[in-house]
Number of protein chains: 2
Amino acid sequence: MANFPQAIEIVEEGPREGFQIEPGPIPTAAKIELIDALSNTGVRTIQVASFVNPKAVPGWADADEVVAGFTPKLGVTYSAIWFNTKGLERAIAHRGRLANVGAISLSASEAFSLRNLHRDFAGQRAAMTEHVRTHVTAGIPVERLIIMASFGCNFSGEVKPEAVVSTIADGLAIAADNRVSIRSVSLADSMGWCSPYGVARLVDAVRNRWPDLTLSLHLHDTRGLGIASAYEGLRLGVTQFDAAVAGLGGCPFAGQPGAPGNIATEELVLLAQELGIETGINLDALLEAGRLAEHILGHRLPSSLLRSGPLTAFRKRD
Amino acid sequence: MANFPQAIEIVEEGPREGFQIEPGPIPTAAKIELIDALSNTGVRTIQVASFVNPKAVPGWADADEVVAGFTPKLGVTYSAIWFNTKGLERAIAHRGRLANVGAISLSASEAFSLRNLHRDFAGQRAAMTEHVRTHVTAGIPVERLIIMASFGCNFSGEVKPEAVVSTIADGLAIAADNRVSIRSVSLADSMGWCSPYGVARLVDAVRNRWPDLTLSLHLHDTRGLGIASAYEGLRLGVTQFDAAVAGLGGCPFAGQPGAPGNIATEELVLLAQELGIETGINLDALLEAGRLAEHILGHRLPSSLLRSGPLTAFRKRD
């Protein structure tokens, strides 16, 4: 039986995801303009920047300027991500503007972690234990557990649900050892392997072990199955989704050139609307932000809905 | 409960759909090359041409040459479409190469029919009655019933399931009156309104009235929900789908410029593969045909999978 939620929370990751992978350079002012446009769509959480090493991700060399420059809107939560103490310190410096919540990020594929972070499973557990301790010391909560490569890995092939379950167990143990409470577990399709079957199988396996865990899906539309996978998530009652306006983004570490980005927020919103599921987002405003993203980047982005437009105007002819 | 089929039949409509809407002119030899490439993918039915008035659809002015030129492959059924006696006569002239099976095409939206064919509901019933009689006289079977605008209409708004059910009843009555047997009913999303919810609601309504009718889904990916809608169809046990390699196509009469095409065959095949549903199609060969289609047309086509490639090579690393 389908178990559709009444409402879902969408985290808009377009700025963070998009600006990290686009060839750029993209003017800081343009990044700020997109964030401000997104603030007026009704989306409740926007990931606005990544505090990473500018040598690794040149697109985010101006993260501090972007965070200092956007206009916060009441009711919208702005977040950023970071992977080390230096990044955390940069985020803390913006504490008035950013909701600083840390995450434990673990890869369910050892090959992916080895390749990109030079850490085996034991190494990533040790690194994340250290990472959590730094947060505790700094007084920053750690509330999310992100499982990278939850659906498959371009370096090692299929990732079995058991590997994801075991990685979640690792993350929850690190949290428990350090007395932090994980509020949601994000199943991240870092390399575009998701399918409806993959979502069903994984959500089932995770719920079997932890029936009450709040799950979040971070899906890429690399192979055209992103929205169908999100639909399966909705059917199973998943209530949290990451998405990126216009389908911006894509993982720069996926080992696949030109990997298309996240599922497009507007297509997820349309899917939800058609199912009678609340998102709080105004689709017309979101499409306008999507057109702005295309204008800023100077090329077509993957979203089909951005091209065709919503059904609203046609519906009025009823 | 999901009721996935073990196998599905996919009708490849890329040539017919694509060449009717692309600005062109596309050389006849290139059209033939694509059909021949598709013949080697394992797809069992290919719609190779449209016998229509070249003034209305200039892209198919060379339909006779295309049909005379491709190399038929054993085990593949080649079909064409037509809408009037003249078209039927042209198809009959190719009887050795084409499996000539007629269709009753009715629009569930009166506005769409009025706009494009200048016929109201009574007018389209009369025209289709005449159309069937012509087939009977010519000894050509009529086996398909196609319901255009099954999910919504850009000229009149939402199309309710009751309207589709009533249009199917019209079509079945025309068939019965003329003693022809309809083998499948195609629910066609002529204008890109489909959503998983729309599919579920419509399939349910039709089955409620005719539990044993074989249904086929003809979906467009205009708004990014095409593959998710096909997935819902699979869940409900639908066994026949139209699709177009690389996502070629789009209805030239949809009243929407640049309306993206049909769901991409390769994305449907991947979806089915991941669910363990047989299609008989070799995905690598199909992607090669998709790349050929892009080469012929000289621009990017909508399929994401065409860009990213299948998972096969990555899986081998297991």
# chains A, B, ... in the order shown; residues from 1 in each chain; ligands from 1
$ interface_residues --of "chain A" --to "chain B" --cutoff "8 Å" --atoms "only C-alpha atoms" --output "PyMOL selection string"
chain A and resi 1+153-158+193+195-198+221-225+227-229+231+256+258-260+267+271+274-275+303-311+314-318
$ residues_around --residues "Ile281 (chain B)" --least-positions-apart "3" --cutoff "8 Å" --atoms "only C-alpha atoms" --output "number ranges by chain"
B: 41-43, 269, 286
$ select_by_dssp --residues "region 50-281 of chain B" --states "alpha helix (DSSP H)" --output "count of residues only"
93
$ atom_distance --atom1 "CA of Ala80 (chain B)" --atom2 "CA of Thr45 (chain B)"
10.4 Å
$ closest_residue --among "A:Leu215, A:Ala30, A:Val164, A:Leu248" --to "Ile8 (chain A)" --atoms "only C-alpha atoms"
A:Leu215
$ closest_residue --among "A:Asp212, A:Glu33, A:Asp189, A:Glu12" --to "Ser150 (chain A)" --atoms "only C-alpha atoms"
A:Asp189
$ residues_around --residues "Glu22 (chain B)" --least-positions-apart "6" --cutoff "8 Å" --atoms "only C-alpha atoms" --output "list of chain:residue names"
B:Gly59, B:Gly249, B:Leu297
$ write_last_selection --atoms "N, CA and C atoms" --output "compact mmCIF listing (two decimals), in the first residue's frame"
# COMPACT_ATOMS: atom_id res chain seq x y z
N GLY B 59 7.84 16.81 -42.76
CA GLY B 59 8.89 15.86 -42.40
C GLY B 59 8.62 14.45 -42.91
N GLY B 249 10.86 13.40 -30.66
CA GLY B 249 9.44 13.59 -30.88
C GLY B 249 8.80 14.73 -30.14
N LEU B 297 20.31 14.48 -36.35
CA LEU B 297 19.56 15.72 -36.13
C LEU B 297 20.49 16.90 -35.83
$ closest_residue --among "A:Arg144, A:Arg207, A:His220, A:Arg16" --to "Ser184 (chain A)" --atoms "only C-alpha atoms"
A:Arg144
$ residues_around --residues "Lys31 (chain A)" --least-positions-apart "2" --cutoff "9 Å" --atoms "only C-alpha atoms" --output "compact mmCIF listing (two decimals) with N, CA and C atoms, in the first residue's frame"
# COMPACT_ATOMS: atom_id res chain seq x y z
N PRO A 15 22.17 26.23 -5.25
CA PRO A 15 23.37 27.07 -5.20
C PRO A 15 24.61 26.26 -4.82
N PHE A 19 27.08 25.63 -8.10
CA PHE A 19 28.26 26.46 -8.23
C PHE A 19 29.55 25.68 -7.98
N ILE A 26 31.76 32.12 -11.82
CA ILE A 26 30.45 32.76 -11.76
C ILE A 26 30.57 33.93 -10.79
N PRO A 27 30.15 35.12 -11.20
CA PRO A 27 30.30 36.29 -10.32
C PRO A 27 29.58 36.07 -8.99
N THR A 28 30.21 36.50 -7.93
CA THR A 28 29.62 36.40 -6.59
C THR A 28 28.23 37.02 -6.56
N ALA A 29 28.08 38.16 -7.21
CA ALA A 29 26.78 38.86 -7.20
C ALA A 29 25.69 38.00 -7.83
N GLU A 33 22.26 36.69 -6.17
CA GLU A 33 20.96 36.96 -6.81
C GLU A 33 20.11 35.68 -6.86
N LEU A 34 20.75 34.56 -7.16
CA LEU A 34 19.99 33.30 -7.23
C LEU A 34 19.47 32.91 -5.84
N ILE A 35 20.32 33.05 -4.84
CA ILE A 35 19.88 32.71 -3.48
C ILE A 35 18.70 33.60 -3.07
N ASP A 36 18.78 34.90 -3.38
CA ASP A 36 17.69 35.81 -3.02
C ASP A 36 16.40 35.44 -3.76
N VAL A 48 23.34 27.28 0.90
CA VAL A 48 23.83 28.42 0.14
C VAL A 48 25.31 28.36 -0.21
N VAL A 66 29.64 35.20 -0.51
CA VAL A 66 28.25 34.85 -0.86
C VAL A 66 27.40 34.84 0.41
N PHE A 70 23.94 37.61 0.81
CA PHE A 70 22.52 37.40 0.48
C PHE A 70 21.63 38.06 1.53
N ALA A 293 18.77 30.94 -13.02
CA ALA A 293 19.95 30.07 -12.95
C ALA A 293 20.50 29.82 -14.35
N ILE A 296 22.23 32.97 -15.55
CA ILE A 296 23.53 33.16 -14.89
C ILE A 296 24.59 32.23 -15.50
$ residues_around --residues "Ala7 (chain B)" --least-positions-apart "2" --cutoff "10 Å" --atoms "only C-alpha atoms" --output "count of residues only"
16
$ residues_around --residues "Val57 (chain B)" --least-positions-apart "5" --cutoff "12 Å" --atoms "only C-alpha atoms" --output "list in words"
Arg16, Glu17, Gly18, Phe19, Gln20, Ile21, Glu22, Pro23, Gly24, Pro25, Ala49, Ser50, Phe51, Val52, Asp62, Ala63, Trp82, Cys251, Pro252 and Phe253 of chain B
$ write_last_selection --atoms "N, CA and C atoms" --output "PDB file, in the first residue's frame"
ATOM      1  N   ARG B  16       9.022   7.720 -36.415  1.00  0.00           N
ATOM      2  CA  ARG B  16       7.769   8.359 -36.797  1.00  0.00           C
ATOM      3  C   ARG B  16       7.568   9.670 -36.039  1.00  0.00           C
ATOM      4  N   GLU B  17       7.766   9.641 -34.734  1.00  0.00           N
ATOM      5  CA  GLU B  17       7.548  10.839 -33.914  1.00  0.00           C
ATOM      6  C   GLU B  17       8.605  11.904 -34.186  1.00  0.00           C
ATOM      7  N   GLY B  18       9.849  11.450 -34.277  1.00  0.00           N
ATOM      8  CA  GLY B  18      10.946  12.406 -34.367  1.00  0.00           C
ATOM      9  C   GLY B  18      10.948  13.155 -35.678  1.00  0.00           C
ATOM     10  N   PHE B  19      10.796  12.424 -36.759  1.00  0.00           N
ATOM     11  CA  PHE B  19      10.929  13.071 -38.058  1.00  0.00           C
ATOM     12  C   PHE B  19       9.727  13.939 -38.408  1.00  0.00           C
ATOM     13  N   GLN B  20       8.646  13.793 -37.640  1.00  0.00           N
ATOM     14  CA  GLN B  20       7.487  14.647 -37.920  1.00  0.00           C
ATOM     15  C   GLN B  20       7.642  16.020 -37.282  1.00  0.00           C
ATOM     16  N   ILE B  21       8.432  16.110 -36.223  1.00  0.00           N
ATOM     17  CA  ILE B  21       8.486  17.391 -35.514  1.00  0.00           C
ATOM     18  C   ILE B  21       9.810  18.135 -35.697  1.00  0.00           C
ATOM     19  N   GLU B  22      10.859  17.436 -36.059  1.00  0.00           N
ATOM     20  CA  GLU B  22      12.147  18.108 -36.226  1.00  0.00           C
ATOM     21  C   GLU B  22      12.083  19.072 -37.412  1.00  0.00           C
ATOM     22  N   PRO B  23      12.767  20.207 -37.307  1.00  0.00           N
ATOM     23  CA  PRO B  23      12.665  21.200 -38.365  1.00  0.00           C
ATOM     24  C   PRO B  23      13.102  20.681 -39.739  1.00  0.00           C
ATOM     25  N   GLY B  24      14.106  19.842 -39.777  1.00  0.00           N
ATOM     26  CA  GLY B  24      14.515  19.233 -41.033  1.00  0.00           C
ATOM     27  C   GLY B  24      14.988  20.235 -42.057  1.00  0.00           C
ATOM     28  N   PRO B  25      15.050  19.900 -43.361  1.00  0.00           N
ATOM     29  CA  PRO B  25      14.764  18.562 -43.861  1.00  0.00           C
ATOM     30  C   PRO B  25      15.855  17.559 -43.479  1.00  0.00           C
ATOM     31  N   ALA B  49       7.018   5.182 -40.151  1.00  0.00           N
ATOM     32  CA  ALA B  49       6.613   6.332 -40.965  1.00  0.00           C
ATOM     33  C   ALA B  49       5.175   6.730 -40.690  1.00  0.00           C
ATOM     34  N   SER B  50       4.854   7.900 -41.179  1.00  0.00           N
ATOM     35  CA  SER B  50       3.508   8.428 -41.056  1.00  0.00           C
ATOM     36  C   SER B  50       3.049   8.815 -42.466  1.00  0.00           C
ATOM     37  N   PHE B  51       1.972   8.195 -42.928  1.00  0.00           N
ATOM     38  CA  PHE B  51       1.451   8.518 -44.270  1.00  0.00           C
ATOM     39  C   PHE B  51       0.434   9.637 -44.136  1.00  0.00           C
ATOM     40  N   VAL B  52       0.964  10.833 -44.049  1.00  0.00           N
ATOM     41  CA  VAL B  52       0.107  11.997 -43.836  1.00  0.00           C
ATOM     42  C   VAL B  52       0.311  12.987 -44.969  1.00  0.00           C
ATOM     43  N   ASP B  62       8.578  12.123 -47.493  1.00  0.00           N
ATOM     44  CA  ASP B  62       9.297  10.999 -48.106  1.00  0.00           C
ATOM     45  C   ASP B  62       8.947   9.644 -47.470  1.00  0.00           C
ATOM     46  N   ALA B  63       7.764   9.548 -46.873  1.00  0.00           N
ATOM     47  CA  ALA B  63       7.391   8.303 -46.175  1.00  0.00           C
ATOM     48  C   ALA B  63       7.509   7.087 -47.094  1.00  0.00           C
ATOM     49  N   TRP B  82      -1.591   6.276 -40.350  1.00  0.00           N
ATOM     50  CA  TRP B  82      -2.307   7.061 -41.354  1.00  0.00           C
ATOM     51  C   TRP B  82      -3.625   7.494 -40.738  1.00  0.00           C
ATOM     52  N   CYS B 251       4.422  16.291 -29.906  1.00  0.00           N
ATOM     53  CA  CYS B 251       3.256  16.448 -30.793  1.00  0.00           C
ATOM     54  C   CYS B 251       3.256  17.831 -31.434  1.00  0.00           C
ATOM     55  N   PRO B 252       3.242  17.903 -32.760  1.00  0.00           N
ATOM     56  CA  PRO B 252       3.275  19.223 -33.396  1.00  0.00           C
ATOM     57  C   PRO B 252       1.967  19.990 -33.207  1.00  0.00           C
ATOM     58  N   PHE B 253       0.947  19.304 -32.696  1.00  0.00           N
ATOM     59  CA  PHE B 253      -0.351  19.961 -32.546  1.00  0.00           C
ATOM     60  C   PHE B 253      -0.688  20.247 -31.087  1.00  0.00           C
TER      61      PHE B 253
END
$ residues_around --residues "Ala173 (chain A)" --least-positions-apart "5" --cutoff "12 Å" --atoms "only C-alpha atoms" --output "number ranges by chain"
A: 104, 125-126, 128-129, 132, 145, 166-168, 178-182
$ atom_distance --atom1 "CA of Thr71 (chain A)" --atom2 "CA of Thr85 (chain A)"
26.4 Å
